[in-house]
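Q: The following block contains the structure, expressed as structure tokens.
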Amino acid sequence: GNSVTQMEGPVTLSEEAFLTINCTYTATGYPSLFWYVQYPGEGLQLLLKATKADDKGSNKGFEATYRKETTSFHLEKGSVQVSDSAVYFCALLPPYGGATNKLIFGTGTLLAVQP
Amino acid sequence: DGGITQSPKYLFRKEGQNVTLSCEQNLNHDAMYWYRQDPGQGLRLIYYSQIVNDFQKGDIAEGYSVSREKKESFPLTVTSAQKNPTAFYLCASRPGTAVYNQPQHFGDGTRLSIL
């Protein structure tokens with residue numbers, strides 16, 4: 001079946017450090033892949049997406065590349081800020097939405113950036 | 001601006017009481033979803049609806065009920081049968097099945113607590 005595996009947190013970094021949050025997936029065919037961010041007490045916001053192999057999604061300095069050969073969609077940022085502290089969710093939409101267009105979420109990774 | 005509005009932001013329930021969480025969207029999306037999020041955990045799907053007057057159970061539907069009488073509205077009722085209702089509830093929507101690689105958009109959530 002379809003599934004998403006994220007690295008466990010929390011991830012604690014100093015300001016301006018390099019960030020990687022690993023995400024790997026299992027799916028049949030070519031799913032669409034997403035990263036969402038959740039700030040404390042808020043809902044989820046779409047951060048970036050990629051809909052086919054080798055696509056690179058990017059937004060607000062964050063990037064992720066859809067790697068079919070390694071079934072991965074790792075999130076990276078070159079220099080994190082305190083304001084990036086949040087929970088990050090990797091998610092998968094099965095090819096053609098599957099039967100129900102349901103997103104498959106990872107368990108989330110808490111990022112804490114210290115000044 | 002278009003978006004998803006959840007209300008109230010905070011809700012308290014007494015033992016044996018049913019409560020209803022509101023979710024309204026003006027994005028003209030066909031599909032709507034309800035998720036439950038427990039502290040430090042990922043999202044679990046409660047119910048979803050792909051079209052007006054139709055909805056399906058998600059992974060944890062017991063103790064919850066929904067209706068979809070209007071395209072823009074998808075209220076969730078937490079019944080007295082739900083023995084552990086304290087959680088953060090998130091509503092989401094997305095375009096219909098014809099647009100298969102589009103992400104879900106989320107509201108800001110309702111935090112439900114037991115008195």
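Residue numbers start at 1 in each chain; chains themselves are named A, B, ... in the order of the structure tokens; ligands are numbered from 1 in the order shown.
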List as a ChimeraX atom specification the protein and nucleic acid residues near Phe89 (chain A), meaning an atom at most 12 Å away when only C-alpha atoms are counted, but skip any in the same chain fewer than 2 places from it.
A: /A:4-9,21-24,33-39,43-49,73-75,86-87,91-92,103-111 /B:40-43
Q: Would you tabulate, counting only C-alpha atoms, all residues of chain B that have an atom at most 10 Å from an atom of chain A, showing the closest pair of atoms and their distance in Å to one decimal, sorted by chain then ascending number, as a Markdown table?
A:
| residue | atom | partner | partner_atom | distance |
| --- | --- | --- | --- | --- |
| B:Gln6 | CA | A:Gly43 | CA | 9.9 |
| B:Lys9 | CA | A:Gly41 | CA | 9.7 |
| B:Ala31 | CA | A:Asn101 | CA | 8.6 |
| B:Tyr33 | CA | A:Lys102 | CA | 8.8 |
| B:Gly40 | CA | A:Gly108 | CA | 8.3 |
| B:Gln41 | CA | A:Thr107 | CA | 6.0 |
| B:Gly42 | CA | A:Thr107 | CA | 4.2 |
| B:Leu43 | CA | A:Phe105 | CA | 6.9 |
| B:Arg44 | CA | A:Phe105 | CA | 8.6 |
| B:Leu45 | CA | A:Lys102 | CA | 8.9 |
| B:Tyr48 | CA | A:Lys102 | CA | 8.6 |
| B:Ser49 | CA | A:Thr100 | CA | 9.1 |
| B:Gln50 | CA | A:Thr100 | CA | 7.7 |
| B:Gln56 | CA | A:Thr100 | CA | 9.4 |
| B:Gly58 | CA | A:Lys102 | CA | 9.5 |
| B:Phe88 | CA | A:Gly41 | CA | 8.9 |
| B:Tyr89 | CA | A:Gly43 | CA | 9.0 |
| B:Leu90 | CA | A:Gly43 | CA | 6.7 |
| B:Cys91 | CA | A:Gly43 | CA | 8.6 |
| B:Ala92 | CA | A:Leu44 | CA | 9.1 |
| B:Arg94 | CA | A:Asn101 | CA | 9.0 |
| B:Pro95 | CA | A:Asn101 | CA | 9.7 |
| B:Gly96 | CA | A:Asn101 | CA | 8.4 |
| B:Thr97 | CA | A:Asn101 | CA | 6.7 |
| B:Ala98 | CA | A:Tyr96 | CA | 8.6 |
| B:Val99 | CA | A:Tyr96 | CA | 8.3 |
| B:Tyr100 | CA | A:Gly97 | CA | 4.9 |
| B:Asn101 | CA | A:Ser32 | CA | 6.0 |
| B:Gln102 | CA | A:Ser32 | CA | 8.4 |
| B:Pro103 | CA | A:Phe34 | CA | 7.5 |
| B:Gln104 | CA | A:Leu103 | CA | 7.9 |
| B:His105 | CA | A:Gln45 | CA | 7.2 |
| B:Phe106 | CA | A:Leu44 | CA | 5.7 |
| B:Gly107 | CA | A:Gly43 | CA | 5.6 |
| B:Asp108 | CA | A:Gly43 | CA | 4.1 |
| B:Gly109 | CA | A:Gly43 | CA | 5.5 |
| B:Thr110 | CA | A:Gly43 | CA | 9.1 |
| B:Arg111 | CA | A:Gly41 | CA | 8.7 |
Q: Would you write out those residues with C-alpha atoms, as a compact mmCIF listing (two decimals), in the first residue's frame?
A:
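The resulting out-v2.txt:
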# COMPACT_ATOMS: atom_id res chain seq x y z
CA GLN B 6 -13.25 26.69 11.18
CA LYS B 9 -11.22 28.07 17.69
CA ALA B 31 -13.97 17.47 -1.65
CA TYR B 33 -12.04 16.25 4.93
CA GLY B 40 2.95 15.18 19.10
CA GLN B 41 1.25 12.97 16.53
CA GLY B 42 0.31 13.06 12.91
CA LEU B 43 -3.11 13.45 11.32
CA ARG B 44 -5.78 10.78 11.32
CA LEU B 45 -8.69 10.93 8.89
CA TYR B 48 -14.36 12.79 4.00
CA SER B 49 -16.79 13.89 1.34
CA GLN B 50 -16.10 14.06 -2.37
CA GLN B 56 -17.36 8.19 3.65
CA GLY B 58 -12.09 7.52 7.33
CA PHE B 88 -7.09 19.36 17.69
CA TYR B 89 -9.50 19.01 14.76
CA LEU B 90 -8.56 20.11 11.28
CA CYS B 91 -10.81 20.57 8.26
CA ALA B 92 -9.45 20.51 4.71
CA ARG B 94 -9.48 20.27 -2.36
CA PRO B 95 -10.77 20.40 -5.93
CA GLY B 96 -12.67 17.34 -7.12
CA THR B 97 -11.45 14.08 -8.54
CA ALA B 98 -10.93 15.50 -12.02
CA VAL B 99 -7.97 17.52 -10.71
CA TYR B 100 -5.95 14.68 -9.30
CA ASN B 101 -2.61 16.23 -8.28
CA GLN B 102 -3.83 19.23 -6.31
CA PRO B 103 -3.09 19.55 -2.59
CA GLN B 104 -5.52 19.87 0.25
CA HIS B 105 -6.02 23.29 1.85
CA PHE B 106 -6.48 23.44 5.61
CA GLY B 107 -8.35 25.58 8.07
CA ASP B 108 -6.80 26.86 11.31
CA GLY B 109 -8.32 24.13 13.43
CA THR B 110 -10.58 23.76 16.48
CA ARG B 111 -9.17 22.66 19.81
Q: Looking only at the backbone, which of the residues in chain B does DSSP tag as strand (DSSP E), as an MDAnalysis selection string?
A: chainID B and resid 4:7 10:13 19:25 31:37 43:51 54:57 64:66 76:78 87:94 105:106 110:114
Q: Name all residues at most 8 Å from Tyr10 (chain B) (count only C-alpha atoms; drop same-chain ones fewer than 2 positions away) and give them as a list in words.
A: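 After dropping sequence-adjacent residues, the list is Ser7, Pro8, Phe12, Thr110, Arg111, Leu112 and Ser113 of chain B.
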